[in-house]
Amino acid sequence: MRSALSLNAAQARVVGAAGTTVVVTGPPASGKTTALAARALARRASGVEPLIICSHDSGTNAFMKAIESLGGARGEWRAATLPAVAAQWLSQAYLSSASARGTIVGGRGAAREILSHAARGLLDMSWPLFARSDIDLDLPHLSRPDAFLDEAAALFALLQRSRVTPEEFEEGCAAGLASFYGEQTERAVVLLQDPVVHKRASARGRDACRVSADALAVQRRAERDIGAILVQLYREYRAIAASEPVRAPEDITDAVIRWLRTDEQAGCAIASAIGEIIVDDAEDAEPALASVLEAIRLYRQLPVVLAGSEAARVDGFEGRRSALAALGAAERIELAPLAAPAALEVAKLRDEAEESDWLAQRIRDLVAAGVAAESIAVLSRTDQAAAIYAQHLRERGVPASKPGSRLERDDEMADLLALCAVVDDPLDQEHLMRVLSSPLVGLSDASLRALCRDAGERRQLSLEVGVVPTAATTISPPPGTLARNMESGDADGMLPETARERIVALRKNLRAWRAQCRLRSPVERLVYLAGAAGFRDRWHSSPHDGRERLRGDFERTAQAVAQAAISCTACDFRTIARLIEDEVVALGPAPVVPGAVVTDSIVAVKGLRFEHVFVVGVAHERFPRIYTSRAMAFSRTYGLIVRENIAGGAAQTAKFAWYYAKFGAKAMYVDEERRALEYGLSRARVSASATGFGTPPYWAREHDLLAGLEKR
């Protein structure tokens, strides 16, 4: 192994450590990833094949960069997240694991997609549960089915991530009623008088705690009933998820643990192919990581090396947990920082516009001094905020990439997917409407309305003079009218001349494209139509940084289409487009674009480093995020915790307000936000800046993160 870097003494200890379990710690930017990469190279050179697990996709990229910096070849290595590793194992042995062939790690909409199938018995009221006289269905939570299923999907993701079975969930819901309310409501009355709770609670929380015994009784009954419905829904969800090809990440990890613990032959086969397990960024690991490692070690005592820093825990909101102490006694190696922290600047501006002006000028100065734009990062707490700052920078003439989780032109990619769906199925009206209103055709709303009318109306021998259509006299066209008019041309005469010409041209093109696509795979159809319909020409005419990002986005979309096609037996683009649009099938992260400033969330650059970093948007209710609790949560002790009050009065239930204050959720949120700010700044090698605007209210002054940096 020929190294392009020299290791210090502590990093060399990591390479040579011989313990069964080794834990490598040290503050951010202390060279932990480099030490792990050096160990991986050394272990492979000695004939031992390591399995490399990273907490985030960005961490896998950082690990590959470390391999390259040490003289290794990126193409010869694969680092992956835990769900991706688990999916690979399930796919390789799909028969014995009772999983779908080619199991795919889904996106943030995967759980919601599965839940839509699991909820059929709830929506049509066919569950035997609903025959019980003690279940009251007059619940606000159920009056908005889509919102309820969204909330349930988020809850089930947390349950699966924490590996709570339906039986444990049911037991916890029942026990939680007694733990908080008591036999009736007597215990809750006492708990709500706790002075610690009143001191910690917000004004809304204190209002929720001042609740009558009658209202508590209503809340208790509602929690019991909604808990019974959720238990049944969770059972249905788990049963259906087992055979789905696209599954939520937490479902895949849970499935692989249960499989490994019961299938000795499979466990031995997997363990025998691994020489050592290396885990990076273990402070933000999947909660099930320790269970996966223990399941593999049932068949072989593999060495495990975990690296991380408690100071870098920044993704707890999503349910991640530190695994640094999960395996018990271990050999510990502490690394020191490799260099002094980057020079720090703190700027508090008047408002967001002034902050953006300041930021753009600083970046222009750096680029003018010869700094590569892609070595500059603008980081915020969320990718939504990062997208806003990317737009602000562009408006000020600074080239900036959108966050890596997003598409540069999501509208154009949606237009292309819609065109693929219409070429597949001319009767797909939903996607046809998008194609007709897209720049490809550019019909006005009036022309679209004309195409949606029954063409037979024009042939009627009647003259409507002075007749005002009303709801009673207007007859809606039959379903499918738009698609039939588009195919037949019967409604062309109702269109203006320019619109008619566009429709005729599109009809001609669709028939030609349909003939060309008949024998092509979904990905081949996507590639063909991107060229034939002019999408590629438009992208190619973009500025260099935009052109590179669009090319990468098209590749990401093509990969998502390929994955979605695996899960669609018919391979129809209507379904493929929906799976991508609903984020059931995830887009991979976008690569860094040369010549453009990186704008992204702090979590999205986990493990990566830049020359200059700006952590932006440090402002009240944006960063730190103080109130981010979910609509429904679960505690093994206190059971189901529902935020929305159904008894009138306060917006929150008393149980939610009590639990949130009793266990200091706000303080934990703010602590993580403070760590996230420090971690974001640690991603800089040369200079780091923190910027924000505005002044928090008096009750949130202790949450002012910029003030803390200024004092330092």
# chains A, B, ... in the order shown; residues from 1 in each chain; ligands from 1

call {"tool": "residues_around", "arguments": {"residues": "A:Ser91", "least_positions_apart": "4", "cutoff": "8 Å", "atoms": "only C-alpha atoms", "output": "PyMOL selection string"}}
result
chain A and resi 87+99-103

call {"tool": "residues_around", "arguments": {"residues": "stretch 158-168 of chain A", "least_positions_apart": "6", "cutoff": "7 Å", "atoms": "only C-alpha atoms", "output": "VMD selection string"}}
result
chain A and resid 231 234 to 235 250 to 251 254 287 to 288 319

call {"tool": "closest_atom_pairs", "arguments": {"of": "stretch 560-647 of chain A", "to": "stretch 335-351 of chain A", "cutoff": "10 Å", "atoms": "only C-alpha atoms", "output": "Markdown table"}}
result
| residue | atom | partner | partner_atom | distance |
| --- | --- | --- | --- | --- |
| A:Glu611 | CA | A:Ala342 | CA | 9.1 |
| A:His612 | CA | A:Ala342 | CA | 8.6 |
| A:Val613 | CA | A:Ala342 | CA | 9.3 |
| A:Phe614 | CA | A:Glu345 | CA | 9.2 |
| A:Val615 | CA | A:Val346 | CA | 9.7 |
| A:Val616 | CA | A:Ala347 | CA | 9.6 |
| A:Gly617 | CA | A:Asp351 | CA | 9.8 |
| A:Val618 | CA | A:Lys348 | CA | 8.8 |
| A:Ala619 | CA | A:Lys348 | CA | 9.3 |

call {"tool": "residues_around", "arguments": {"residues": "stretch 269-273 of chain A", "least_positions_apart": "3", "cutoff": "10 Å", "atoms": "only C-alpha atoms", "output": "JSON, numbers by chain"}}
result
{"A": [48, 49, 50, 51, 89, 92, 93, 260, 264, 265, 266, 276, 295, 296, 297, 298, 299, 300, 301, 302]}

call {"tool": "write_last_selection", "arguments": {"atoms": "C-alpha atoms", "output": "tab-separated table (two decimals), in the first residue's frame"}}
result
chain	number	residue	atom	x	y	z
A	48	VAL	CA	-8.94	-9.75	5.51
A	49	GLU	CA	-11.95	-8.21	3.72
A	50	PRO	CA	-13.60	-5.39	5.74
A	51	LEU	CA	-17.26	-4.40	5.60
A	89	TRP	CA	-28.06	-9.29	2.18
A	92	GLN	CA	-28.82	-12.16	-2.14
A	93	ALA	CA	-30.84	-14.66	-0.11
A	260	LEU	CA	-30.20	-13.45	10.95
A	264	GLU	CA	-28.25	-20.07	11.18
A	265	GLN	CA	-27.20	-21.10	7.68
A	266	ALA	CA	-27.73	-17.59	6.31
A	276	GLU	CA	-13.93	-7.19	9.87
A	295	ALA	CA	-26.68	-10.87	15.21
A	296	ILE	CA	-23.62	-11.37	12.98
A	297	ARG	CA	-21.41	-12.11	15.97
A	298	LEU	CA	-23.70	-14.99	16.92
A	299	TYR	CA	-21.99	-16.93	14.13
A	300	ARG	CA	-18.49	-15.47	14.19
A	301	GLN	CA	-16.64	-13.18	16.59
A	302	LEU	CA	-15.70	-10.60	14.00

call {"tool": "residues_around", "arguments": {"residues": "A:Pro522", "least_positions_apart": "4", "cutoff": "7 Å", "atoms": "only C-alpha atoms", "output": "PyMOL selection string"}}
result
chain A and resi 526+561+565+571

call {"tool": "select_by_dssp", "arguments": {"residues": "stretch 53-302 of chain A", "states": "helix (DSSP H, G or I)", "output": "PyMOL selection string"}}
result
chain A and resi 57-69+74-76+82-92+94-97+110-118+120-123+128-131+140-143+145-161+166-180+186-191+195-200+203-209+213-241+249-262+264-272+282-284+289-297

call {"tool": "closest_residue", "arguments": {"among": "A:Val504, A:Ala515, A:Val585, A:Ala215", "to": "A:Ala111", "atoms": "only C-alpha atoms"}}
result
A:Val585

call {"tool": "atom_distance", "arguments": {"atom1": "atom CA of A:Arg258", "atom2": "atom CA of A:Leu82"}}
result
15.0 Å

call {"tool": "residues_around", "arguments": {"residues": "A:Ala651", "least_positions_apart": "6", "cutoff": "9 Å", "atoms": "only C-alpha atoms", "output": "list in words"}}
result
Arg204, Asp207, Ala208, Arg643, Glu644 and Asn645 of chain A

call {"tool": "write_last_selection", "arguments": {"atoms": "N, CA, C and O atoms", "output": "mmCIF file, in the first residue's frame"}}
result
data_model
loop_
_atom_site.group_PDB
_atom_site.id
_atom_site.type_symbol
_atom_site.label_atom_id
_atom_site.label_comp_id
_atom_site.auth_asym_id
_atom_site.auth_seq_id
_atom_site.Cartn_x
_atom_site.Cartn_y
_atom_site.Cartn_z
ATOM 1 N N ARG A 204 -47.901 27.591 25.892
ATOM 2 C CA ARG A 204 -48.902 26.644 25.378
ATOM 3 C C ARG A 204 -48.952 25.392 26.241
ATOM 4 O O ARG A 204 -50.011 24.819 26.476
ATOM 5 N N ASP A 207 -50.745 26.061 29.474
ATOM 6 C CA ASP A 207 -52.183 26.135 29.199
ATOM 7 C C ASP A 207 -52.775 24.730 29.091
ATOM 8 O O ASP A 207 -53.871 24.458 29.595
ATOM 9 N N ALA A 208 -52.032 23.825 28.430
ATOM 10 C CA ALA A 208 -52.521 22.449 28.278
ATOM 11 C C ALA A 208 -52.570 21.715 29.608
ATOM 12 O O ALA A 208 -53.414 20.824 29.807
ATOM 13 N N ARG A 643 -50.187 14.613 20.275
ATOM 14 C CA ARG A 643 -50.086 16.055 20.520
ATOM 15 C C ARG A 643 -51.432 16.762 20.424
ATOM 16 O O ARG A 643 -51.757 17.615 21.237
ATOM 17 N N GLU A 644 -52.238 16.420 19.436
ATOM 18 C CA GLU A 644 -53.454 17.197 19.162
ATOM 19 C C GLU A 644 -54.538 16.938 20.204
ATOM 20 O O GLU A 644 -54.941 15.798 20.438
ATOM 21 N N ASN A 645 -55.016 17.992 20.815
ATOM 22 C CA ASN A 645 -56.061 17.870 21.821
ATOM 23 C C ASN A 645 -57.424 17.671 21.155
ATOM 24 O O ASN A 645 -57.753 18.339 20.187
#

call {"tool": "select_by_dssp", "arguments": {"residues": "stretch 141-288 of chain A", "states": "strand (DSSP E or B)", "output": "list in words"}}
result
Val246, Arg247, Glu276, Ile277, Ile278, Val279, Asp280 and Ala285 of chain A

call {"tool": "atom_distance", "arguments": {"atom1": "atom CA of A:Ala73", "atom2": "atom CA of A:Thr60"}}
result
14.3 Å

call {"tool": "closest_atom_pairs", "arguments": {"of": "stretch 653-711 of chain A", "to": "stretch 178-185 of chain A", "cutoff": "12 Å", "atoms": "only C-alpha atoms", "output": "JSON lines"}}
result
{"residue": "A:Ala654", "atom": "CA", "partner": "A:Phe180", "partner_atom": "CA", "distance": 10.0}
{"residue": "A:Lys655", "atom": "CA", "partner": "A:Phe180", "partner_atom": "CA", "distance": 7.3}
{"residue": "A:Phe656", "atom": "CA", "partner": "A:Phe180", "partner_atom": "CA", "distance": 10.5}
{"residue": "A:Trp658", "atom": "CA", "partner": "A:Phe180", "partner_atom": "CA", "distance": 9.5}
{"residue": "A:Tyr659", "atom": "CA", "partner": "A:Phe180", "partner_atom": "CA", "distance": 9.5}

call {"tool": "write_last_selection", "arguments": {"atoms": "N, CA and C atoms", "output": "PDB file, in the first residue's frame"}}
result
ATOM      1  N   ALA A 654     -52.845  17.282  27.467  1.00  0.00           N
ATOM      2  CA  ALA A 654     -52.115  17.452  28.722  1.00  0.00           C
ATOM      3  C   ALA A 654     -50.935  16.482  28.799  1.00  0.00           C
ATOM      4  N   LYS A 655     -51.130  15.266  28.316  1.00  0.00           N
ATOM      5  CA  LYS A 655     -50.063  14.271  28.389  1.00  0.00           C
ATOM      6  C   LYS A 655     -48.866  14.700  27.551  1.00  0.00           C
ATOM      7  N   PHE A 656     -49.127  15.217  26.366  1.00  0.00           N
ATOM      8  CA  PHE A 656     -48.025  15.660  25.511  1.00  0.00           C
ATOM      9  C   PHE A 656     -47.267  16.809  26.178  1.00  0.00           C
ATOM     10  N   TRP A 658     -47.099  17.620  29.317  1.00  0.00           N
ATOM     11  CA  TRP A 658     -46.389  17.138  30.502  1.00  0.00           C
ATOM     12  C   TRP A 658     -45.122  16.383  30.106  1.00  0.00           C
ATOM     13  N   TYR A 659     -45.235  15.474  29.161  1.00  0.00           N
ATOM     14  CA  TYR A 659     -44.083  14.656  28.762  1.00  0.00           C
ATOM     15  C   TYR A 659     -42.985  15.523  28.148  1.00  0.00           C
TER      16      TYR A 659
END

call {"tool": "closest_residue", "arguments": {"among": "A:Val441, A:Val422, A:Val592, A:Ala311", "to": "A:Pro27", "atoms": "only C-alpha atoms"}}
result
A:Ala311

call {"tool": "residues_around", "arguments": {"residues": "stretch 191-198 of chain A", "least_positions_apart": "5", "cutoff": "7 Å", "atoms": "only C-alpha atoms", "output": "list of chain:residue names"}}
result
A:Arg206, A:Cys209, A:Trp658, A:Ala661, A:Lys662

call {"tool": "write_last_selection", "arguments": {"atoms": "N, CA, C and O atoms", "output": "mmCIF file, in the first residue's frame"}}
result
data_model
loop_
_atom_site.group_PDB
_atom_site.id
_atom_site.type_symbol
_atom_site.label_atom_id
_atom_site.label_comp_id
_atom_site.auth_asym_id
_atom_site.auth_seq_id
_atom_site.Cartn_x
_atom_site.Cartn_y
_atom_site.Cartn_z
ATOM 1 N N ARG A 206 -48.162 25.125 29.487
ATOM 2 C CA ARG A 206 -48.812 25.420 30.772
ATOM 3 C C ARG A 206 -50.325 25.512 30.603
ATOM 4 O O ARG A 206 -51.089 25.061 31.461
ATOM 5 N N CYS A 209 -51.666 22.064 30.526
ATOM 6 C CA CYS A 209 -51.642 21.395 31.830
ATOM 7 C C CYS A 209 -52.771 21.867 32.744
ATOM 8 O O CYS A 209 -53.104 21.168 33.712
ATOM 9 N N TRP A 658 -47.099 17.620 29.317
ATOM 10 C CA TRP A 658 -46.389 17.138 30.502
ATOM 11 C C TRP A 658 -45.122 16.383 30.106
ATOM 12 O O TRP A 658 -44.039 16.634 30.658
ATOM 13 N N ALA A 661 -42.286 18.639 28.698
ATOM 14 C CA ALA A 661 -41.612 19.442 29.716
ATOM 15 C C ALA A 661 -40.892 18.579 30.752
ATOM 16 O O ALA A 661 -39.779 18.901 31.174
ATOM 17 N N LYS A 662 -41.516 17.493 31.170
ATOM 18 C CA LYS A 662 -40.952 16.658 32.228
ATOM 19 C C LYS A 662 -39.563 16.149 31.866
ATOM 20 O O LYS A 662 -38.649 16.122 32.709
#

call {"tool": "atom_distance", "arguments": {"atom1": "atom CA of A:Cys54", "atom2": "atom CA of A:Asp281"}}
result
6.3 Å

call {"tool": "closest_residue", "arguments": {"among": "A:Asp57, A:Glu430, A:Glu334, A:Asp280", "to": "A:Pro589", "atoms": "only C-alpha atoms"}}
result
A:Asp57

call {"tool": "decode", "arguments": {"residues": "stretch 311-326 of chain A", "atoms": "all heavy atoms", "output": "PDB file, in the first residue's frame"}}
result
ATOM      1  N   ALA A 311     -19.593  14.854  20.242  1.00  0.00           N
ATOM      2  CA  ALA A 311     -19.799  16.254  19.880  1.00  0.00           C
ATOM      3  C   ALA A 311     -20.359  16.408  18.471  1.00  0.00           C
ATOM      4  O   ALA A 311     -20.771  17.504  18.083  1.00  0.00           O
ATOM      5  CB  ALA A 311     -18.482  17.025  19.997  1.00  0.00           C
ATOM      6  N   ALA A 312     -20.362  15.333  17.689  1.00  0.00           N
ATOM      7  CA  ALA A 312     -20.849  15.390  16.305  1.00  0.00           C
ATOM      8  C   ALA A 312     -22.236  14.778  16.161  1.00  0.00           C
ATOM      9  O   ALA A 312     -22.692  14.540  15.046  1.00  0.00           O
ATOM     10  CB  ALA A 312     -19.863  14.682  15.382  1.00  0.00           C
ATOM     11  N   ARG A 313     -22.951  14.534  17.266  1.00  0.00           N
ATOM     12  CA  ARG A 313     -24.320  14.004  17.188  1.00  0.00           C
ATOM     13  C   ARG A 313     -25.254  15.130  16.749  1.00  0.00           C
ATOM     14  O   ARG A 313     -25.575  16.014  17.530  1.00  0.00           O
ATOM     15  CB  ARG A 313     -24.768  13.453  18.536  1.00  0.00           C
ATOM     16  CG  ARG A 313     -24.097  12.175  18.948  1.00  0.00           C
ATOM     17  CD  ARG A 313     -24.728  11.554  20.184  1.00  0.00           C
ATOM     18  NE  ARG A 313     -24.507  12.360  21.372  1.00  0.00           N
ATOM     19  CZ  ARG A 313     -25.454  12.993  22.055  1.00  0.00           C
ATOM     20  NH1 ARG A 313     -26.718  12.930  21.645  1.00  0.00           N
ATOM     21  NH2 ARG A 313     -25.167  13.703  23.122  1.00  0.00           N
ATOM     22  N   VAL A 314     -25.692  15.077  15.498  1.00  0.00           N
ATOM     23  CA  VAL A 314     -26.497  16.178  14.965  1.00  0.00           C
ATOM     24  C   VAL A 314     -27.758  15.698  14.257  1.00  0.00           C
ATOM     25  O   VAL A 314     -28.465  16.508  13.658  1.00  0.00           O
ATOM     26  CB  VAL A 314     -25.651  17.038  13.992  1.00  0.00           C
ATOM     27  CG1 VAL A 314     -24.477  17.661  14.711  1.00  0.00           C
ATOM     28  CG2 VAL A 314     -25.186  16.238  12.784  1.00  0.00           C
ATOM     29  N   ASP A 315     -28.064  14.403  14.325  1.00  0.00           N
ATOM     30  CA  ASP A 315     -29.233  13.894  13.588  1.00  0.00           C
ATOM     31  C   ASP A 315     -30.178  13.111  14.498  1.00  0.00           C
ATOM     32  O   ASP A 315     -30.839  12.173  14.067  1.00  0.00           O
ATOM     33  CB  ASP A 315     -28.761  13.009  12.431  1.00  0.00           C
ATOM     34  CG  ASP A 315     -29.778  12.983  11.282  1.00  0.00           C
ATOM     35  OD1 ASP A 315     -30.729  13.781  11.319  1.00  0.00           O
ATOM     36  OD2 ASP A 315     -29.611  12.178  10.361  1.00  0.00           O
ATOM     37  N   GLY A 316     -30.268  13.526  15.754  1.00  0.00           N
ATOM     38  CA  GLY A 316     -31.155  12.839  16.687  1.00  0.00           C
ATOM     39  C   GLY A 316     -32.618  13.065  16.404  1.00  0.00           C
ATOM     40  O   GLY A 316     -33.470  12.254  16.774  1.00  0.00           O
ATOM     41  N   PHE A 317     -32.971  14.178  15.747  1.00  0.00           N
ATOM     42  CA  PHE A 317     -34.371  14.431  15.418  1.00  0.00           C
ATOM     43  C   PHE A 317     -34.954  13.314  14.567  1.00  0.00           C
ATOM     44  O   PHE A 317     -36.141  13.033  14.614  1.00  0.00           O
ATOM     45  CB  PHE A 317     -34.502  15.747  14.653  1.00  0.00           C
ATOM     46  CG  PHE A 317     -34.302  16.966  15.510  1.00  0.00           C
ATOM     47  CD1 PHE A 317     -33.820  18.136  14.958  1.00  0.00           C
ATOM     48  CD2 PHE A 317     -34.578  16.948  16.861  1.00  0.00           C
ATOM     49  CE1 PHE A 317     -33.634  19.264  15.739  1.00  0.00           C
ATOM     50  CE2 PHE A 317     -34.392  18.064  17.652  1.00  0.00           C
ATOM     51  CZ  PHE A 317     -33.921  19.226  17.093  1.00  0.00           C
ATOM     52  N   GLU A 318     -34.111  12.673  13.753  1.00  0.00           N
ATOM     53  CA  GLU A 318     -34.579  11.600  12.881  1.00  0.00           C
ATOM     54  C   GLU A 318     -34.508  10.236  13.559  1.00  0.00           C
ATOM     55  O   GLU A 318     -34.701   9.212  12.919  1.00  0.00           O
ATOM     56  CB  GLU A 318     -33.753  11.585  11.600  1.00  0.00           C
ATOM     57  CG  GLU A 318     -33.901  12.843  10.761  1.00  0.00           C
ATOM     58  CD  GLU A 318     -35.343  13.113  10.380  1.00  0.00           C
ATOM     59  OE1 GLU A 318     -36.046  12.163  10.003  1.00  0.00           O
ATOM     60  OE2 GLU A 318     -35.768  14.277  10.477  1.00  0.00           O
ATOM     61  N   GLY A 319     -34.196  10.221  14.834  1.00  0.00           N
ATOM     62  CA  GLY A 319     -34.193   8.967  15.574  1.00  0.00           C
ATOM     63  C   GLY A 319     -32.865   8.255  15.619  1.00  0.00           C
ATOM     64  O   GLY A 319     -32.790   7.119  16.090  1.00  0.00           O
ATOM     65  N   ARG A 320     -31.794   8.888  15.156  1.00  0.00           N
ATOM     66  CA  ARG A 320     -30.478   8.244  15.214  1.00  0.00           C
ATOM     67  C   ARG A 320     -29.935   8.289  16.636  1.00  0.00           C
ATOM     68  O   ARG A 320     -30.233   9.203  17.407  1.00  0.00           O
ATOM     69  CB  ARG A 320     -29.516   8.914  14.236  1.00  0.00           C
ATOM     70  CG  ARG A 320     -29.909   8.706  12.775  1.00  0.00           C
ATOM     71  CD  ARG A 320     -28.932   9.393  11.839  1.00  0.00           C
ATOM     72  NE  ARG A 320     -29.325   9.234  10.452  1.00  0.00           N
ATOM     73  CZ  ARG A 320     -28.961   8.224   9.682  1.00  0.00           C
ATOM     74  NH1 ARG A 320     -28.164   7.274  10.184  1.00  0.00           N
ATOM     75  NH2 ARG A 320     -29.356   8.136   8.440  1.00  0.00           N
ATOM     76  N   ARG A 321     -29.073   7.317  16.956  1.00  0.00           N
ATOM     77  CA  ARG A 321     -28.524   7.205  18.304  1.00  0.00           C
ATOM     78  C   ARG A 321     -27.044   6.842  18.239  1.00  0.00           C
ATOM     79  O   ARG A 321     -26.586   6.213  17.290  1.00  0.00           O
ATOM     80  CB  ARG A 321     -29.281   6.124  19.098  1.00  0.00           C
ATOM     81  CG  ARG A 321     -30.758   6.406  19.299  1.00  0.00           C
ATOM     82  CD  ARG A 321     -30.981   7.595  20.231  1.00  0.00           C
ATOM     83  NE  ARG A 321     -32.399   7.870  20.418  1.00  0.00           N
ATOM     84  CZ  ARG A 321     -33.099   8.747  19.725  1.00  0.00           C
ATOM     85  NH1 ARG A 321     -32.496   9.444  18.754  1.00  0.00           N
ATOM     86  NH2 ARG A 321     -34.371   8.950  19.974  1.00  0.00           N
ATOM     87  N   SER A 322     -26.307   7.213  19.278  1.00  0.00           N
ATOM     88  CA  SER A 322     -24.890   6.893  19.330  1.00  0.00           C
ATOM     89  C   SER A 322     -24.695   5.404  19.609  1.00  0.00           C
ATOM     90  O   SER A 322     -25.355   4.827  20.476  1.00  0.00           O
ATOM     91  CB  SER A 322     -24.203   7.711  20.414  1.00  0.00           C
ATOM     92  OG  SER A 322     -22.850   7.324  20.542  1.00  0.00           O
ATOM     93  N   ALA A 323     -23.760   4.791  18.863  1.00  0.00           N
ATOM     94  CA  ALA A 323     -23.439   3.372  19.065  1.00  0.00           C
ATOM     95  C   ALA A 323     -22.039   3.199  19.636  1.00  0.00           C
ATOM     96  O   ALA A 323     -21.525   2.086  19.680  1.00  0.00           O
ATOM     97  CB  ALA A 323     -23.545   2.625  17.736  1.00  0.00           C
ATOM     98  N   LEU A 324     -21.426   4.294  20.094  1.00  0.00           N
ATOM     99  CA  LEU A 324     -20.034   4.220  20.541  1.00  0.00           C
ATOM    100  C   LEU A 324     -19.860   3.353  21.786  1.00  0.00           C
ATOM    101  O   LEU A 324     -18.782   2.805  22.006  1.00  0.00           O
ATOM    102  CB  LEU A 324     -19.495   5.635  20.801  1.00  0.00           C
ATOM    103  CG  LEU A 324     -19.347   6.512  19.549  1.00  0.00           C
ATOM    104  CD1 LEU A 324     -18.957   7.931  19.928  1.00  0.00           C
ATOM    105  CD2 LEU A 324     -18.315   5.906  18.606  1.00  0.00           C
ATOM    106  N   ALA A 325     -20.904   3.243  22.604  1.00  0.00           N
ATOM    107  CA  ALA A 325     -20.812   2.407  23.804  1.00  0.00           C
ATOM    108  C   ALA A 325     -21.758   1.214  23.730  1.00  0.00           C
ATOM    109  O   ALA A 325     -21.992   0.547  24.739  1.00  0.00           O
ATOM    110  CB  ALA A 325     -21.123   3.246  25.042  1.00  0.00           C
ATOM    111  N   ALA A 326     -22.271   0.923  22.545  1.00  0.00           N
ATOM    112  CA  ALA A 326     -23.320  -0.093  22.416  1.00  0.00           C
ATOM    113  C   ALA A 326     -22.820  -1.516  22.602  1.00  0.00           C
ATOM    114  O   ALA A 326     -23.587  -2.404  22.974  1.00  0.00           O
ATOM    115  CB  ALA A 326     -23.998   0.039  21.053  1.00  0.00           C
TER     116      ALA A 326
END
